[in-house]
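Chemist: File protein.txt follows (compact mmCIF, C-alpha atoms):
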# COMPACT_ATOMS: atom_id res chain seq x y z
CA MET A 20 -11.84 -6.77 -26.17
CA GLU A 21 -13.37 -3.32 -25.89
CA ILE A 22 -12.48 -0.62 -28.38
CA SER A 23 -13.28 2.98 -27.46
CA ARG A 24 -15.94 4.27 -29.81
CA ILE A 25 -14.18 7.55 -30.48
CA ILE A 26 -10.98 5.81 -31.58
CA TYR A 27 -12.87 3.34 -33.74
CA GLU A 28 -14.98 5.97 -35.50
CA GLN A 29 -12.03 8.26 -36.22
CA SER A 30 -9.39 5.74 -37.13
CA LEU A 31 -10.60 2.20 -37.75
CA LYS A 32 -12.46 2.15 -41.05
CA SER A 33 -12.94 -1.61 -41.33
CA GLU A 34 -13.47 -4.70 -39.25
CA ASN A 35 -10.23 -6.01 -40.71
CA LYS A 36 -8.25 -3.15 -39.09
CA ALA A 37 -10.04 -3.66 -35.79
CA LEU A 38 -9.24 -7.36 -35.75
CA THR A 39 -5.59 -6.60 -36.57
CA LEU A 40 -5.47 -4.16 -33.66
CA LYS A 41 -7.00 -6.76 -31.35
CA LYS A 42 -4.36 -9.30 -32.38
CA SER A 43 -1.55 -6.76 -31.85
CA LEU A 44 -2.79 -5.94 -28.34
CA GLU A 45 -3.10 -9.60 -27.41
CA THR A 46 0.43 -10.25 -28.69
CA GLU A 47 1.91 -7.37 -26.67
CA PHE A 48 0.08 -8.42 -23.50
CA ALA A 49 1.25 -12.01 -23.96
CA LYS A 50 4.88 -10.78 -24.16
CA SER A 51 4.53 -8.74 -20.96
CA GLN A 52 4.68 -10.05 -17.40
CA LEU A 53 1.16 -8.81 -16.69
CA LYS A 54 -0.58 -12.06 -17.53
CA SER A 55 -2.66 -13.50 -14.72
CA GLU A 56 -5.07 -16.37 -14.13
CA PRO A 57 -7.64 -16.33 -15.63
CA PRO A 58 -6.08 -14.70 -18.71
CA VAL A 59 -6.68 -10.96 -19.01
CA LEU A 60 -8.15 -9.55 -22.21
CA PRO A 61 -6.36 -6.37 -23.28
CA SER A 62 -8.37 -3.20 -23.76
CA LEU A 63 -7.87 0.30 -25.06
CA PRO A 64 -8.10 2.96 -22.33
CA LEU A 65 -11.35 4.49 -21.19
CA ILE A 66 -11.64 8.06 -22.46
CA ILE A 67 -13.32 10.96 -20.69
CA LYS A 68 -13.35 14.71 -21.24
CA GLU A 69 -10.50 16.82 -19.88
CA LYS A 70 -12.91 18.76 -17.64
CA GLN A 71 -14.14 15.48 -16.10
CA TYR A 72 -10.58 14.31 -15.58
CA LYS A 73 -9.61 17.51 -13.76
CA GLU A 74 -12.68 17.17 -11.55
CA LEU A 75 -11.76 13.54 -10.87
CA LYS A 76 -8.27 14.59 -9.75
CA LYS A 77 -9.61 17.40 -7.54
CA THR A 78 -12.35 15.35 -5.87
CA SER A 79 -10.23 12.22 -5.31
CA GLU A 80 -7.57 14.31 -3.54
CA MET A 81 -10.30 15.93 -1.44
CA LEU A 82 -11.73 12.52 -0.52
CA CYS A 83 -8.28 11.27 0.47
CA ASN A 84 -7.88 14.32 2.71
CA ILE A 85 -11.24 13.62 4.38
CA PHE A 86 -10.32 9.96 4.94
CA ASP A 87 -6.98 11.03 6.38
CA LYS A 88 -8.79 13.31 8.84
CA THR A 89 -11.23 10.53 9.70
CA ILE A 90 -8.45 8.06 10.49
CA GLY A 91 -6.96 10.72 12.75
CA LEU A 92 -10.32 11.03 14.56
CA ILE A 93 -10.48 7.28 15.10
CA ILE A 94 -6.90 7.01 16.33
CA ASP A 95 -7.46 9.93 18.71
CA ASN A 96 -10.71 8.32 19.92
CA ARG A 97 -12.76 11.38 19.00
CA ASN A 98 -15.28 9.56 16.83
CA THR A 99 -18.77 8.71 18.05
CA GLY A 100 -19.59 5.02 18.15
CA LYS A 101 -17.56 2.03 17.00
CA TYR A 102 -16.92 2.25 13.28
CA VAL A 103 -13.86 0.06 12.75
CA ARG A 104 -12.99 -3.47 13.83
CA THR A 105 -9.52 -4.83 13.19
CA TYR A 106 -6.89 -7.14 14.63
CA LYS A 107 -5.93 -6.15 18.19
CA SER A 108 -2.21 -6.47 17.38
CA LEU A 109 -2.66 -4.31 14.28
CA TRP A 110 -4.58 -1.68 16.26
CA GLU A 111 -1.79 -1.50 18.87
CA LEU A 112 0.74 -1.02 16.09
CA VAL A 113 -1.37 1.63 14.36
CA GLN A 114 -1.44 3.69 17.56
CA LYS A 115 2.34 3.45 18.04
CA GLU A 116 3.37 3.68 14.43
CA VAL A 117 5.93 6.33 13.53
CA ILE A 118 5.52 7.57 9.98
CA LEU A 119 7.73 9.71 7.75
CA ASN A 120 5.12 12.35 6.98
CA SER A 121 1.95 13.79 8.47
CA ASN A 122 -0.47 11.74 6.39
CA ASN A 123 -2.18 8.67 7.83
CA ILE A 124 -2.67 7.30 4.31
CA ILE A 125 0.27 6.57 2.03
CA PHE A 126 -1.37 4.54 -0.76
CA GLY A 127 -5.02 5.16 -1.56
CA LYS A 128 -7.33 3.77 -4.21
CA THR A 129 -10.78 5.28 -4.56
CA SER A 130 -13.69 3.79 -6.50
CA GLY A 131 -16.45 5.90 -7.98
CA VAL A 132 -18.89 6.37 -10.83
CA TYR A 133 -20.45 9.27 -12.66
CA ASP A 134 -24.13 9.39 -11.76
CA ARG A 135 -26.93 10.46 -14.08
CA ASN A 136 -26.13 14.11 -13.36
CA ASP A 137 -22.47 13.52 -14.28
CA ILE A 138 -21.42 14.01 -10.65
CA ILE A 139 -18.69 11.69 -9.43
CA ARG A 140 -19.93 9.53 -6.52
CA TYR A 141 -17.31 7.68 -4.48
CA PHE A 142 -18.51 4.43 -2.94
CA GLU A 143 -15.30 2.69 -1.77
CA PHE A 144 -11.81 3.51 -0.56
CA SER A 145 -8.92 1.08 -0.27
CA SER A 146 -5.29 1.12 0.89
CA ASP A 147 -4.32 -1.68 -1.50
CA PRO A 148 -1.28 -0.44 -3.50
CA ALA A 149 -1.00 -3.44 -5.86
CA SER A 150 -1.64 -1.55 -9.12
CA PHE A 151 0.19 1.63 -8.13
CA LEU A 152 3.06 1.13 -10.59
CA LEU A 153 0.98 -0.50 -13.32
CA ALA A 154 0.42 2.54 -15.57
CA GLU A 155 3.99 2.61 -16.84
CA GLU A 156 3.77 -1.06 -17.85
CA LEU A 157 0.46 -0.62 -19.67
CA LEU A 158 1.60 2.47 -21.53
CA GLU A 159 4.68 0.67 -22.76
CA ILE A 160 2.40 -2.02 -24.21
CA TYR A 161 0.20 0.54 -25.98
CA ASN A 162 3.18 2.52 -27.30
CA ASN A 163 4.62 -0.64 -28.86
CA ILE A 164 1.62 -0.73 -31.23
CA ASN A 165 1.83 1.95 -33.92
CA GLU A 166 -1.93 2.00 -34.60
CA VAL A 167 -2.62 2.78 -30.94
CA SER A 168 0.07 5.41 -30.39
CA GLU A 169 -0.81 7.17 -33.67
CA ASN A 170 -4.51 7.18 -32.79
CA PHE A 171 -3.72 8.69 -29.38
CA LYS A 172 -1.88 11.54 -31.11
CA LYS A 173 -4.74 12.17 -33.55
CA ILE A 174 -7.34 12.63 -30.81
CA ASN A 175 -4.97 14.43 -28.37
CA PHE A 176 -5.27 11.65 -25.81
CA SER A 177 -3.41 12.28 -22.53
CA PHE A 178 -3.17 10.86 -19.04
CA SER A 179 -1.54 11.57 -15.68
CA ASN A 180 1.07 9.15 -14.35
CA LYS A 181 3.40 10.35 -11.62
CA SER A 182 3.55 6.99 -9.81
CA CYS A 183 7.17 5.99 -10.44
CA LYS A 184 8.63 9.45 -9.77
CA SER A 185 6.59 9.83 -6.55
CA PHE A 186 7.65 6.42 -5.33
CA ALA A 187 11.31 7.11 -6.14
CA ARG A 188 11.20 10.39 -4.19
CA PHE A 189 9.57 8.61 -1.27
CA LEU A 190 12.32 5.97 -1.18
CA GLN A 191 14.91 8.77 -1.16
CA THR A 192 13.11 10.24 1.85
CA CYS A 193 13.33 6.82 3.53
CA ASN A 194 17.08 6.82 2.87
CA LYS A 195 17.52 10.13 4.68
CA LYS A 196 15.09 9.60 7.56
CA ILE A 197 15.91 6.03 8.59
CA ASP A 198 19.49 5.77 7.35
CA PHE A 199 18.64 3.23 4.66
CA ASN A 200 21.67 2.19 2.60
CA LYS A 201 20.58 1.19 -0.91
CA LYS A 202 23.65 -0.99 -1.50
CA LYS A 203 23.79 -2.75 1.87
CA ASP A 204 20.22 -2.93 3.22
CA PHE A 205 17.43 -5.20 2.03
CA ILE A 206 13.74 -4.71 1.15
CA ALA A 207 11.13 -7.45 1.67
CA ILE A 208 7.99 -7.53 -0.46
CA ILE A 209 5.43 -9.49 1.54
CA SER A 210 3.43 -11.82 -0.68
CA SER A 211 1.17 -14.59 0.57
CA LYS A 212 0.15 -15.30 -3.03
CA GLU A 213 2.17 -13.75 -5.84
CA ASN A 214 0.28 -11.53 -8.25
CA TYR A 215 1.15 -8.93 -10.87
CA GLY A 216 1.38 -6.23 -8.15
CA ASP A 217 4.21 -8.11 -6.44
CA LYS A 218 6.02 -8.51 -9.75
CA LEU A 219 5.72 -4.80 -10.53
CA TYR A 220 7.29 -3.76 -7.23
CA TYR A 221 10.02 -6.37 -7.51
CA LYS A 222 10.82 -5.35 -11.09
CA TYR A 223 10.84 -1.63 -10.26
CA LEU A 224 13.11 -2.00 -7.23
CA LYS A 225 15.46 -4.49 -8.90
CA ASN A 226 15.82 -2.27 -11.97
CA ASN A 227 16.67 0.66 -9.71
CA GLY A 228 19.47 -1.17 -7.93
CA PHE A 229 17.77 -2.17 -4.66
CA ASN A 230 18.38 -5.45 -2.80
CA VAL A 231 14.89 -6.94 -2.72
CA PHE A 232 13.16 -10.24 -1.86
CA THR A 233 9.63 -11.49 -2.41
CA VAL A 234 8.83 -13.09 0.94
CA ASP A 235 6.12 -15.32 2.35
CA PRO A 236 4.83 -13.93 5.71
CA GLY A 237 6.07 -17.05 7.55
CA GLU A 238 9.72 -16.53 6.52
CA PHE A 239 10.50 -13.67 8.93
CA SER A 240 12.42 -13.94 12.20
CA PHE A 241 13.12 -11.22 14.79
CA ASP A 242 15.64 -11.46 17.63
CA GLY A 243 14.82 -8.14 19.29
CA GLU A 244 17.35 -6.24 17.22
CA GLU A 245 17.14 -7.37 13.61
CA LEU A 246 14.30 -8.51 11.32
CA ARG A 247 15.77 -11.18 9.07
CA VAL A 248 14.83 -13.24 6.01
CA ARG A 249 17.18 -15.95 4.72
CA ASN A 250 19.98 -14.54 6.93
CA ASN A 251 19.57 -11.05 5.47
CA LYS A 252 18.70 -8.03 7.64
CA ILE A 253 15.51 -6.34 6.41
CA LYS A 254 15.23 -2.54 6.73
CA LEU A 255 12.14 -1.83 4.60
CA VAL A 256 8.92 -3.85 4.20
CA ILE A 257 6.32 -3.43 1.44
CA PHE A 258 2.78 -4.85 1.29
CA PRO A 259 1.79 -4.77 -2.42
CA GLN A 260 -1.50 -6.45 -1.43
CA SER A 261 -3.79 -5.43 1.38
CA ILE A 262 -2.57 -6.73 4.73
CA LYS A 263 -6.01 -8.25 5.25
CA ASN A 264 -5.20 -10.78 2.54
CA ILE A 265 -2.81 -12.41 5.00
CA THR A 266 -5.11 -14.84 6.80
CA SER A 267 -2.54 -15.81 9.45
CA PHE A 268 -1.74 -12.19 10.33
CA ASN A 269 -1.46 -12.62 14.12
CA THR A 270 0.99 -15.54 13.85
CA ASP A 271 3.02 -15.16 10.65
CA MET A 272 3.29 -11.39 10.96
CA LYS A 273 4.36 -11.33 14.63
CA PRO A 274 8.11 -10.81 13.86
CA VAL A 275 7.30 -7.88 11.55
CA ILE A 276 4.93 -6.36 14.13
CA GLU A 277 7.50 -6.62 16.91
CA ALA A 278 10.27 -5.19 14.72
CA CYS A 279 8.03 -2.29 13.71
CA LYS A 280 7.03 -1.57 17.32
CA GLY A 281 10.70 -1.54 18.28
CA GLY A 282 11.59 0.85 15.46
CA LYS A 283 13.86 -1.71 13.78
CA VAL A 284 12.06 -1.77 10.43
CA PHE A 285 10.03 0.68 8.37
CA ILE A 286 6.82 -0.41 6.62
CA ILE A 287 6.48 1.64 3.46
CA ASP A 288 2.69 1.45 3.31
CA THR A 289 1.85 2.59 6.84
CA LEU A 290 -0.51 0.26 8.67
CA ARG A 291 -2.74 3.22 9.49
CA SER A 292 -3.68 3.05 5.80
CA VAL A 293 -5.38 -0.31 6.44
CA ILE A 294 -8.16 1.43 8.37
CA ALA A 295 -9.09 3.31 5.19
CA SER A 296 -10.22 0.04 3.58
CA GLU A 297 -13.08 -0.27 6.08
CA LYS A 298 -16.32 0.61 4.32
CA SER A 299 -17.71 1.60 7.74
CA LEU A 300 -15.71 4.83 7.42
CA PHE A 301 -18.28 5.94 4.84
CA ALA A 302 -20.90 5.54 7.56
CA LEU A 303 -18.94 7.76 9.92
CA ILE A 304 -18.35 10.37 7.22
CA SER A 305 -21.83 10.46 5.68
CA ASP A 306 -23.81 10.63 8.95
CA PRO A 307 -24.76 14.28 9.76
CA LYS A 308 -24.29 13.66 13.49
CA ASN A 309 -20.53 13.44 12.84
CA HIS A 310 -20.25 16.51 10.60
CA SER A 311 -19.03 18.68 13.48
CA PHE A 312 -15.67 16.91 13.04
CA TYR A 313 -15.29 18.42 9.55
CA ASN A 314 -15.13 21.96 8.18
CA ASP A 315 -17.80 23.52 5.94
CA ARG A 316 -15.90 22.70 2.76
CA ASP A 317 -15.60 19.05 3.80
CA VAL A 318 -19.31 18.78 4.61
CA LYS A 319 -20.29 20.32 1.26
CA PHE A 320 -18.09 17.75 -0.50
CA ILE A 321 -19.50 14.87 1.56
CA LYS A 322 -23.10 15.75 0.73
CA LYS A 323 -22.33 15.98 -2.99
CA HIS A 324 -19.90 13.11 -3.59
CA ILE A 325 -20.37 10.43 -0.91
CA PRO A 326 -23.46 8.17 -0.94
CA TRP A 327 -25.60 7.74 2.17
CA THR A 328 -24.06 4.90 4.23
CA ARG A 329 -24.83 3.39 7.66
CA ILE A 330 -23.54 0.47 9.72
CA ILE A 331 -26.29 -2.16 9.88
CA ARG A 332 -27.39 -2.11 13.52
CA HIS A 333 -30.40 -1.21 15.63
CA GLU A 334 -30.49 2.58 15.81
CA SER A 335 -32.49 5.68 14.93
CA THR A 336 -30.86 7.70 12.19
CA THR A 337 -31.61 9.84 9.14
CA ASP A 338 -32.52 8.32 5.78
CA ILE A 339 -31.29 9.33 2.31
CA SER A 340 -33.69 12.30 2.34
CA GLY A 341 -32.71 13.41 5.85
CA ASN A 342 -35.82 12.14 7.67
CA GLU A 343 -35.58 10.45 11.10
CA VAL A 344 -36.16 6.70 10.73
CA ASP A 345 -35.57 3.37 12.42
CA LEU A 346 -32.63 2.06 10.40
CA ILE A 347 -33.64 -1.62 10.21
CA ASP A 348 -37.24 -0.78 9.24
CA TYR A 349 -35.90 1.57 6.58
CA ILE A 350 -33.52 -1.06 5.14
CA ILE A 351 -36.29 -3.67 4.93
CA ALA A 352 -38.72 -1.25 3.26
CA ASN A 353 -36.25 0.15 0.70
CA GLN A 354 -34.65 -2.90 -0.86
CA GLU A 355 -34.66 -1.40 -4.37
CA ARG A 356 -32.69 1.70 -3.27
CA LEU A 357 -29.92 0.04 -1.27
CA VAL A 358 -26.89 -2.27 -1.39
CA LEU A 359 -25.38 -4.28 1.46
CA LYS A 360 -21.61 -4.71 1.90
CA LYS A 361 -19.30 -6.41 4.35
CA SER A 362 -17.23 -3.61 5.87
CA SER A 363 -13.85 -5.32 5.89
CA ASN A 364 -14.18 -7.21 2.63
CA ILE A 365 -11.40 -6.19 0.24
CA THR A 366 -12.11 -8.59 -2.65
CA GLY A 367 -15.10 -6.72 -4.06
CA GLU A 368 -17.48 -9.57 -3.22
CA HIS A 369 -20.62 -8.44 -1.48
CA ILE A 370 -24.40 -8.71 -1.59
CA GLY A 371 -24.98 -6.11 -4.27
CA PRO A 372 -28.22 -4.59 -5.55
CA ALA A 373 -30.80 -7.09 -4.36
CA CYS A 374 -33.19 -6.63 -7.28
CA ASP A 375 -33.32 -10.41 -7.82
CA MET A 376 -33.90 -11.22 -4.15
CA ASN A 377 -37.46 -11.69 -2.95
CA PRO A 378 -38.57 -9.57 0.06
CA LEU A 379 -38.53 -12.54 2.47
CA ASP A 380 -34.91 -13.38 1.58
CA TRP A 381 -34.00 -9.71 1.97
CA ARG A 382 -35.49 -9.61 5.49
CA THR A 383 -33.75 -12.88 6.35
CA LEU A 384 -30.41 -11.51 5.14
CA VAL A 385 -30.78 -8.36 7.24
CA SER A 386 -31.64 -10.48 10.30
CA TRP A 387 -28.61 -12.68 9.70
CA ILE A 388 -26.33 -9.61 9.43
CA LEU A 389 -27.68 -8.28 12.75
CA SER A 390 -26.75 -11.54 14.47
CA SER A 391 -23.37 -11.79 12.72
CA LYS A 392 -20.11 -10.87 14.45
CA GLU A 393 -18.97 -9.17 11.24
CA LEU A 394 -19.49 -5.48 10.53
CA TRP A 395 -21.77 -4.76 7.55
CA VAL A 396 -22.87 -1.49 5.96
CA VAL A 397 -25.88 -0.47 3.93
CA GLN A 398 -25.28 2.05 1.17
CA GLU A 399 -27.36 4.06 -1.25
CA LYS A 400 -27.51 2.44 -4.68
CA ILE A 401 -26.13 4.89 -7.21
CA GLU A 402 -27.97 5.33 -10.48
CA PHE A 403 -25.22 6.07 -12.96
CA ASN A 404 -24.66 6.70 -16.62
CA SER A 405 -23.77 4.10 -19.19
CA SER A 406 -22.03 4.47 -22.54
CA GLU A 407 -21.57 2.54 -25.77
CA ARG A 408 -18.30 0.96 -26.85
CA TYR A 409 -17.31 -1.23 -29.75
CA GLU A 410 -16.60 -4.82 -28.77
CA ILE A 411 -15.08 -7.62 -30.82
CA ASP A 412 -16.98 -10.83 -30.27
CA ASN A 413 -16.38 -13.93 -32.43
CA ASP A 414 -14.47 -11.73 -34.90
CA CYS A 415 -17.47 -9.42 -35.33
CA ILE A 416 -17.65 -5.80 -34.19
CA LYS A 417 -20.72 -4.83 -32.19
CA LEU A 418 -21.82 -1.74 -30.29
CA LYS A 419 -22.43 -2.70 -26.69
CA LYS A 420 -23.87 -0.77 -23.76
CA ILE A 421 -21.44 -0.76 -20.83
CA PHE A 422 -21.29 0.57 -17.28
CA TRP A 423 -17.99 1.69 -15.84
CA CYS A 424 -16.30 2.91 -12.72
CA VAL A 425 -13.08 4.85 -12.15
CA ASN A 426 -10.30 4.07 -9.70
CA PRO A 427 -8.03 7.07 -9.03
CA TYR A 428 -4.76 6.14 -7.30
CA MET A 429 -3.35 8.42 -4.61
CA PHE A 430 0.09 8.64 -3.04
CA ASN A 431 0.53 10.76 0.09
CA GLY A 432 -2.77 12.44 -0.70
CA LYS A 433 -1.89 13.39 -4.29
CA PHE A 434 -3.48 12.04 -7.47
CA GLN A 435 -1.07 9.84 -9.46
CA THR A 436 -2.97 8.01 -12.18
CA CYS A 437 -6.39 6.53 -12.86
CA TYR A 438 -7.71 3.12 -13.89
CA GLY A 439 -11.18 1.98 -14.80
CA SER A 440 -13.31 -1.16 -14.90
CA THR A 441 -16.24 -1.94 -17.16
CA SER A 442 -19.26 -4.19 -16.80
CA ALA A 443 -22.30 -5.22 -18.80
CA GLU A 444 -24.35 -5.17 -15.59
CA PRO A 445 -25.61 -2.00 -13.84
CA VAL A 446 -24.19 -2.76 -10.40
CA VAL A 447 -22.43 -0.33 -8.08
CA ASN A 448 -19.27 -2.33 -7.55
CA ILE A 449 -18.26 -3.42 -11.02
CA GLU A 450 -14.67 -4.41 -10.34
CA ASN A 451 -14.20 -7.95 -11.53
CA GLY A 452 -10.66 -8.67 -10.44
CA SER A 453 -9.21 -8.34 -13.93
CA LEU A 454 -6.35 -6.12 -15.00
CA GLU A 455 -7.38 -2.50 -14.71
CA THR A 456 -7.71 -0.27 -17.77
CA LEU A 457 -6.06 3.13 -17.94
CA VAL A 458 -8.33 6.17 -17.98
CA GLY A 459 -7.26 9.20 -20.00
CA PHE A 460 -8.75 12.37 -21.39
CA ILE A 461 -9.10 14.29 -24.65
Can you present the structure in this file as C-alpha cells?
Modeler:
Amino acid sequence: MEISRIIYEQSLKSENKALTLKKSLETEFAKSQLKSEPPVLPSLPLIIKEKQYKELKKTSEMLCNIFDKTIGLIIDNRNTGKYVRTYKSLWELVQKEVILNSNNIIFGKTSGVYDRNDIIRYFEFSSDPASFLLAEELLEIYNNINEVSENFKKINFSFSNKSCKSFARFLQTCNKKIDFNKKKDFIAIISSKENYGDKLYYKYLKNNGFNVFTVDPGEFSFDGEELRVRNNKIKLVIFPQSIKNITSFNTDMKPVIEACKGGKVFIIDTLRSVIASEKSLFALISDPKNHSFYNDRDVKFIKKHIPWTRIIRHESTTDISGNEVDLIDYIIANQERLVLKKSSNITGEHIGPACDMNPLDWRTLVSWILSSKELWVVQEKIEFNSSERYEIDNDCIKLKKIFWCVNPYMFNGKFQTCYGSTSAEPVVNIENGSLETLVGFI
C-alpha cells in the first residue's frame, strides 16, 4: 500500500499508526463491492497542487473538445488519409446515429503525465466509461476511516466529483427526449465479463429506482419493433466497458445495432465515442499537415500537450523536431526516443519503451508491423517526473521512488473527476489494470 508522503509526515508519527491505517483501509475495501481478481491493494489518493489540478481540468476539457472536433472530421470525411479502422457495421451505425446533444463524445477518459517541465502531456484517450461512477464509492471508503478523513481536513485536501449528478441529469434528458418511463421501461447494461464498472452502474441505477438488467451480448432479440431481453422491452442500453471488449460484436450485437438504426433503442454511451479510443487519432491531430482543420488556439494546445505521433507506414513526414524524414528510417534510427502501440488496443498492453530490445529485434518488429493488417502507431516517449511516497512492505515503512499518470474523466466534454495510477517503472503507459486511485489537491 502506498501512503502519500505529505499525509505521513504531517500525521503519522510512528510505523504502528501507519500499519493500523493500512489494516483499516484493507478492512473497508474488503467490505465494499470493489474487490476484483487479482485482489486490489487500497491506497490513499495521489495529491497534487491546486494550481496543477486546475490546469489538469482546463487541459483535459480542451483535449476532449479537440477529439470531438476530430471525430466530426472523420465522420464528415474531411480528414486526410485513413486514420481509423473499425467494424463495418459499427461504422454504418456511427454515421446514422442520432444523439441527444451536439457532442460526439459522451464518456471520455484521458491519460497523461507531467513531464520534466511540469507540463501535462496526454498520450491516450479512451471512451471506456467503466470507472465513471467510482469516485463516490472510493470516497465513502476513505470517509469511513477517521484517521483518513481527519488527515484530509488537516491538509485541506479536496477533489472534484460531479459524476453522479451529471449522469442523473443526463438520464433526465433521456426521459424527456425519447419518452423514457422510469417505472415501466427497462435498461440493459451490456457485460461480456462482469467487472466492478458493471456493478457500479447496476447499483447506481437500482438505488435510483430504475428497472435494470446486466445482460450478456447474446441475450438480445429484435423483431423490427422492440429490443427485448428475457421478455422485457429495452429502451436504454449502457456499455460500462469499451464495445471493443465484445469479441463477437458483429454477431451478438446485431439485434442492438438493428434496433439502434431503427430508432427503437437509445445507447447512452454513443458509439461515435468508440472512435476516440483509436490511438491513431493522435497521429491525425499531431501531424502539422492536418492543422488547417483546427483553429490557432487548438494548434497551440496540440504542440504543447500532445506528443508527436504517427501511424507506422511508408511515408515522408516531419520528425519530433519538425524536420522532413522518411518515417520508417526515422523509427529504426531512434529506438530510444519512441514507443510503439497498437492503435485499437484498449487493454493497455503494447510494445512500450524498447530500451531492453536489441536493434535487430527492433527492426524486425517494425517490419512485422508494416506487414500486419493491424494499425499501429509510433509515439514520442515522454520523459516525466517521479516522486517519493511511503510504502508499507513486510510491515516496514520505506520511501520509494514512483512514477505516476493521471486519468481525468469527462462527461459531455466537462471534467468530472480524476484518478491516477502509479508504477515503479518509468514507462509511458503505467496503467496496470488495478483499481484506480483518486487524485485530489491541496
Chemist: Could you work out how far atom CA of Val167 of chain A lies from atom CA of Ser442 of chain A, giving the answer in Å with one decimal?
Modeler: 22.9 Å
Chemist: Counting all atoms listed in the file, what are the residues of segment 97-172 of chain A within 10 Å of segment 313-330 of chain A, and for each of them which pair of atoms is the nearest and at what distance in Å, to one decimal? Sort the table by chain and rising number, as JSON lines.
Modeler:
{"residue": "A:Lys101", "atom": "CA", "partner": "A:Ile330", "partner_atom": "CA", "distance": 9.5}
{"residue": "A:Tyr102", "atom": "CA", "partner": "A:Ile330", "partner_atom": "CA", "distance": 7.7}
{"residue": "A:Gly131", "atom": "CA", "partner": "A:His324", "partner_atom": "CA", "distance": 9.1}
{"residue": "A:Val132", "atom": "CA", "partner": "A:His324", "partner_atom": "CA", "distance": 9.9}
{"residue": "A:Tyr133", "atom": "CA", "partner": "A:His324", "partner_atom": "CA", "distance": 9.9}
{"residue": "A:Asp134", "atom": "CA", "partner": "A:His324", "partner_atom": "CA", "distance": 9.9}
{"residue": "A:Ile138", "atom": "CA", "partner": "A:His324", "partner_atom": "CA", "distance": 7.3}
{"residue": "A:Ile139", "atom": "CA", "partner": "A:His324", "partner_atom": "CA", "distance": 6.1}
{"residue": "A:Arg140", "atom": "CA", "partner": "A:His324", "partner_atom": "CA", "distance": 4.6}
{"residue": "A:Tyr141", "atom": "CA", "partner": "A:Ile325", "partner_atom": "CA", "distance": 5.4}
{"residue": "A:Phe142", "atom": "CA", "partner": "A:Pro326", "partner_atom": "CA", "distance": 6.5}
{"residue": "A:Glu143", "atom": "CA", "partner": "A:Ile325", "partner_atom": "CA", "distance": 9.3}
Chemist: Separation of atom CA of Asn230 of chain A and atom CA of Asn122 of chain A, in Å?
Modeler: 27.1 Å
Chemist: When you count all atoms listed in the file, which of these residues is closest to Leu38 of chain A: A:Leu75, A:Ile411, A:Tyr438, A:Leu418?
Modeler: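 Closest candidate: A:Ile411.
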Chemist: When you look at segment 233-237 of chain A with a cut-off of 7 Å (counting all atoms listed in the file), what residues show up, excluding the ones that are within fewer than 5 positions of it in the same chain? I need them as a list in words.
Modeler: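 Counting only the stated atoms, we get Ala207, Ile208, Ile209, Ser210, Ser211, Asp271 and Met272 of chain A.
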Chemist: Which residue is closest to Glu393 of chain A? Choose from A:Thr105, A:Asn426, A:Asn170, A:Ser177 and count all atoms listed in the file.
Modeler: A:Thr105
Chemist: Show me, as a tab-separated table, the residues of segment 203-311 of chain A having an atom within 12 Å of segment 332-352 of chain A, each with the closest atom pair and its distance in Å, using all atoms listed in the file.
Modeler:
residue	atom	partner	partner_atom	distance
A:Ser299	CA	A:Arg332	CA	11.9
A:Ala302	CA	A:Thr336	CA	11.2
A:Ser305	CA	A:Ile339	CA	10.1
A:Asp306	CA	A:Thr337	CA	7.8
A:Pro307	CA	A:Thr337	CA	8.2
A:Lys308	CA	A:Thr336	CA	9.0
A:Asn309	CA	A:Thr336	CA	11.8
Chemist: When you count only C-alpha atoms, which of these residues is closest to Lys76 of chain A: A:Ile304, A:Cys279, A:Ile421, A:Met429?
Modeler: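 Distance minimum relative to Lys76 of chain A lands on A:Met429.
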